[in-house]
Amino acid sequence: MAVACLLISTQTGCLGLLSNLMHATGADKIPAAYDGLEKSRVAVVTLTENSQFSDDDAARILGRNVMQHLVTEVKKIELVREDKIANWRDTHGWDQVEFAEIGRGVDADKVLAIEVSNLQLRDGKTLYRGRADVHISVIDAKTGDQLYAHDLDEFTYPTTAGQTTTDTTESRFGKLYLGILAKRIARQFYPYDAHEDFAIDSLIAR
C-alpha cells in the first residue's frame, strides 16, 4: 500500500494515509537526544538562583513537571521521590550541589541536574513573557561522570507575543511558563512529535 501511494503521491488520499501511518508507528517522531534514563533510578535535582540556600517554588514546580513527563514517557524509569531529595538537602545543606553525592545519598543510579538562571516572567510592565537560561546534565551517581549535557539558552515563551498583565496573574503565568519549559527539558529523553511546537503559543489563548 505504501509503495502504491508513493507512486501516485499526487493523490491527497494516499498522502494522508502515509501521514497517518507514520504517526501511528512513530516514524514522524524526533528521537531522544539521550535515552540513557531508561531502566534507571533517577534523581531529578532542580536549581534556580533562589534555591541555593532553601526551597524555591519555581524549582519545585519545574522539577515536578519534568518528573511527570519522564514517568509517563520514559520506559522503566524509576524516579527518586521529591521529598527524599529535599530531606537529603535539608540534612547536608541546600548549598550542596555536588550532584553525584546527592545521587549516592538517595540511592540513585543517575542524577538529572537542571540548573536555571536569569529566570524572568515579565517583558516590560504590562506583558508576561517568560525567559530563562537552562543547563541540563545527566551525571552517573557512582562515578561522577557527566553522561549528557545540553543548554537551552534564552528559552522564551510565548515566542511571538506576551500575555497582558490584565489577563492573568504572575503566579498563573509562571506555572504555565514552567510547564512549557519542563516539557522542553523532559523531551530530551524520549521521542516526541515533530509537530508539537507549532501549536504551543495557542495555549495562551486558552
# chains A, B, ... in the order shown; residues from 1 in each chain; ligands from 1
call {"tool": "residues_around", "arguments": {"residues": "A:Asp107", "least_positions_apart": "4", "cutoff": "12 Å", "atoms": "only C-alpha atoms", "output": "ChimeraX atom specification"}}
result
/A:40-43,78-81,84-85,88,100-103,111,140-142
call {"tool": "select_by_dssp", "arguments": {"residues": "stretch 102-205 of chain A", "states": "strand (DSSP E)", "output": "PyMOL selection string"}}
result
chain A and resi 110-122+127-140+146-157+163-164+192-193
call {"tool": "select_by_dssp", "arguments": {"residues": "stretch 67-144 of chain A", "states": "alpha helix (DSSP H)", "output": "JSON, numbers by chain"}}
result
{"A": [67, 68, 69, 70, 71, 72, 73, 82, 83, 84, 85, 86, 87, 88, 89, 90, 91, 92, 99, 100, 101, 102, 103, 104, 105]}
call {"tool": "write_last_selection", "arguments": {"atoms": "N, CA, C and O atoms", "output": "mmCIF file, in the first residue's frame"}}
result
data_model
loop_
_atom_site.group_PDB
_atom_site.id
_atom_site.type_symbol
_atom_site.label_atom_id
_atom_site.label_comp_id
_atom_site.auth_asym_id
_atom_site.auth_seq_id
_atom_site.Cartn_x
_atom_site.Cartn_y
_atom_site.Cartn_z
ATOM 1 N N MET A 67 9.363 15.583 36.141
ATOM 2 C CA MET A 67 9.182 14.219 36.611
ATOM 3 C C MET A 67 7.903 13.592 36.059
ATOM 4 O O MET A 67 7.886 12.399 35.710
ATOM 5 N N GLN A 68 6.842 14.364 35.948
ATOM 6 C CA GLN A 68 5.587 13.845 35.405
ATOM 7 C C GLN A 68 5.759 13.385 33.958
ATOM 8 O O GLN A 68 5.254 12.327 33.558
ATOM 9 N N HIS A 69 6.473 14.171 33.171
ATOM 10 C CA HIS A 69 6.707 13.773 31.776
ATOM 11 C C HIS A 69 7.597 12.526 31.705
ATOM 12 O O HIS A 69 7.338 11.620 30.904
ATOM 13 N N LEU A 70 8.632 12.489 32.527
ATOM 14 C CA LEU A 70 9.554 11.357 32.476
ATOM 15 C C LEU A 70 8.871 10.055 32.860
ATOM 16 O O LEU A 70 9.059 9.024 32.205
ATOM 17 N N VAL A 71 8.084 10.077 33.933
ATOM 18 C CA VAL A 71 7.465 8.839 34.394
ATOM 19 C C VAL A 71 6.432 8.332 33.395
ATOM 20 O O VAL A 71 6.159 7.122 33.317
ATOM 21 N N THR A 72 5.870 9.254 32.602
ATOM 22 C CA THR A 72 4.886 8.864 31.593
ATOM 23 C C THR A 72 5.538 8.365 30.310
ATOM 24 O O THR A 72 5.061 7.407 29.691
ATOM 25 N N GLU A 73 6.650 8.976 29.926
ATOM 26 C CA GLU A 73 7.211 8.754 28.589
ATOM 27 C C GLU A 73 8.460 7.876 28.528
ATOM 28 O O GLU A 73 8.749 7.301 27.485
ATOM 29 N N GLU A 82 10.549 13.227 45.459
ATOM 30 C CA GLU A 82 10.959 14.613 45.685
ATOM 31 C C GLU A 82 11.287 14.877 47.153
ATOM 32 O O GLU A 82 12.277 15.561 47.470
ATOM 33 N N ASP A 83 10.486 14.341 48.073
ATOM 34 C CA ASP A 83 10.720 14.611 49.487
ATOM 35 C C ASP A 83 12.008 13.955 49.988
ATOM 36 O O ASP A 83 12.657 14.469 50.909
ATOM 37 N N LYS A 84 12.410 12.849 49.373
ATOM 38 C CA LYS A 84 13.650 12.196 49.780
ATOM 39 C C LYS A 84 14.855 13.072 49.416
ATOM 40 O O LYS A 84 15.809 13.198 50.195
ATOM 41 N N ILE A 85 14.803 13.694 48.233
ATOM 42 C CA ILE A 85 15.877 14.599 47.825
ATOM 43 C C ILE A 85 15.898 15.835 48.721
ATOM 44 O O ILE A 85 16.957 16.291 49.162
ATOM 45 N N ALA A 86 14.700 16.380 49.018
ATOM 46 C CA ALA A 86 14.609 17.565 49.878
ATOM 47 C C ALA A 86 15.148 17.258 51.271
ATOM 48 O O ALA A 86 15.859 18.086 51.876
ATOM 49 N N ASN A 87 14.843 16.076 51.796
ATOM 50 C CA ASN A 87 15.330 15.705 53.127
ATOM 51 C C ASN A 87 16.859 15.595 53.140
ATOM 52 O O ASN A 87 17.520 15.993 54.112
ATOM 53 N N TRP A 88 17.414 15.050 52.057
ATOM 54 C CA TRP A 88 18.879 14.943 51.983
ATOM 55 C C TRP A 88 19.502 16.333 51.977
ATOM 56 O O TRP A 88 20.489 16.597 52.677
ATOM 57 N N ARG A 89 18.921 17.250 51.236
ATOM 58 C CA ARG A 89 19.466 18.610 51.159
ATOM 59 C C ARG A 89 19.250 19.366 52.472
ATOM 60 O O ARG A 89 20.071 20.203 52.858
ATOM 61 N N ASP A 90 18.156 19.080 53.161
ATOM 62 C CA ASP A 90 17.950 19.678 54.489
ATOM 63 C C ASP A 90 19.073 19.267 55.443
ATOM 64 O O ASP A 90 19.577 20.074 56.228
ATOM 65 N N THR A 91 19.463 18.003 55.354
ATOM 66 C CA THR A 91 20.479 17.465 56.256
ATOM 67 C C THR A 91 21.884 17.935 55.902
ATOM 68 O O THR A 91 22.690 18.253 56.780
ATOM 69 N N HIS A 92 22.166 18.009 54.602
ATOM 70 C CA HIS A 92 23.533 18.287 54.164
ATOM 71 C C HIS A 92 23.753 19.720 53.710
ATOM 72 O O HIS A 92 24.875 20.106 53.384
ATOM 73 N N PHE A 99 26.348 16.976 42.509
ATOM 74 C CA PHE A 99 25.209 16.160 42.092
ATOM 75 C C PHE A 99 25.433 14.671 42.308
ATOM 76 O O PHE A 99 24.508 13.958 42.699
ATOM 77 N N ALA A 100 26.630 14.180 42.041
ATOM 78 C CA ALA A 100 26.880 12.756 42.230
ATOM 79 C C ALA A 100 26.704 12.363 43.695
ATOM 80 O O ALA A 100 26.163 11.299 44.004
ATOM 81 N N GLU A 101 27.133 13.241 44.604
ATOM 82 C CA GLU A 101 26.977 12.947 46.036
ATOM 83 C C GLU A 101 25.505 12.912 46.425
ATOM 84 O O GLU A 101 25.087 12.066 47.225
ATOM 85 N N ILE A 102 24.721 13.843 45.884
ATOM 86 C CA ILE A 102 23.277 13.809 46.128
ATOM 87 C C ILE A 102 22.701 12.492 45.627
ATOM 88 O O ILE A 102 21.908 11.839 46.311
ATOM 89 N N GLY A 103 23.093 12.101 44.419
ATOM 90 C CA GLY A 103 22.594 10.856 43.838
ATOM 91 C C GLY A 103 22.913 9.647 44.702
ATOM 92 O O GLY A 103 22.043 8.803 44.966
ATOM 93 N N ARG A 104 24.155 9.559 45.169
ATOM 94 C CA ARG A 104 24.525 8.441 46.042
ATOM 95 C C ARG A 104 23.747 8.495 47.348
ATOM 96 O O ARG A 104 23.349 7.463 47.896
ATOM 97 N N GLY A 105 23.501 9.702 47.838
ATOM 98 C CA GLY A 105 22.798 9.846 49.108
ATOM 99 C C GLY A 105 21.349 9.404 49.064
ATOM 100 O O GLY A 105 20.777 9.051 50.101
#
call {"tool": "atom_distance", "arguments": {"atom1": "atom CA of A:Gly179", "atom2": "atom CA of A:Ala32"}}
result
19.3 Å
call {"tool": "closest_residue", "arguments": {"among": "A:Asp167, A:Asp145, A:Glu115, A:Asp151", "to": "A:Ala58", "atoms": "only C-alpha atoms"}}
result
A:Glu115
call {"tool": "residues_around", "arguments": {"residues": "stretch 153-158 of chain A", "least_positions_apart": "5", "cutoff": "6 Å", "atoms": "only C-alpha atoms", "output": "list in words"}}
result
Arg129, Gly130, Arg131, Ala132, Asp133 and Asp201 of chain A
call {"tool": "write_last_selection", "arguments": {"atoms": "C-alpha atoms", "output": "tab-separated table (two decimals), in the first residue's frame"}}
result
chain	number	residue	atom	x	y	z
A	129	ARG	CA	6.66	36.68	28.76
A	130	GLY	CA	8.93	34.03	30.24
A	131	ARG	CA	12.63	33.71	29.64
A	132	ALA	CA	15.38	31.60	31.21
A	133	ASP	CA	18.77	30.05	30.56
A	201	ASP	CA	1.56	29.58	21.56
call {"tool": "atom_distance", "arguments": {"atom1": "atom CA of A:Ile114", "atom2": "atom CA of A:His135"}}
result
6.0 Å
call {"tool": "atom_distance", "arguments": {"atom1": "atom CA of A:Gly36", "atom2": "atom CA of A:Val74"}}
result
9.6 Å
call {"tool": "residues_around", "arguments": {"residues": "stretch 171-174 of chain A", "least_positions_apart": "4", "cutoff": "8 Å", "atoms": "only C-alpha atoms", "output": "ChimeraX atom specification"}}
result
/A:121,128,130,178
call {"tool": "write_last_selection", "arguments": {"atoms": "C-alpha atoms", "output": "PDB file, in the first residue's frame"}}
result
ATOM      1  CA  LEU A 121       8.413  36.325  33.725  1.00  0.00           C
ATOM      2  CA  TYR A 128       4.064  38.468  30.864  1.00  0.00           C
ATOM      3  CA  GLY A 130       8.925  34.032  30.237  1.00  0.00           C
ATOM      4  CA  LEU A 178       7.426  26.464  33.864  1.00  0.00           C
TER       5      LEU A 178
END
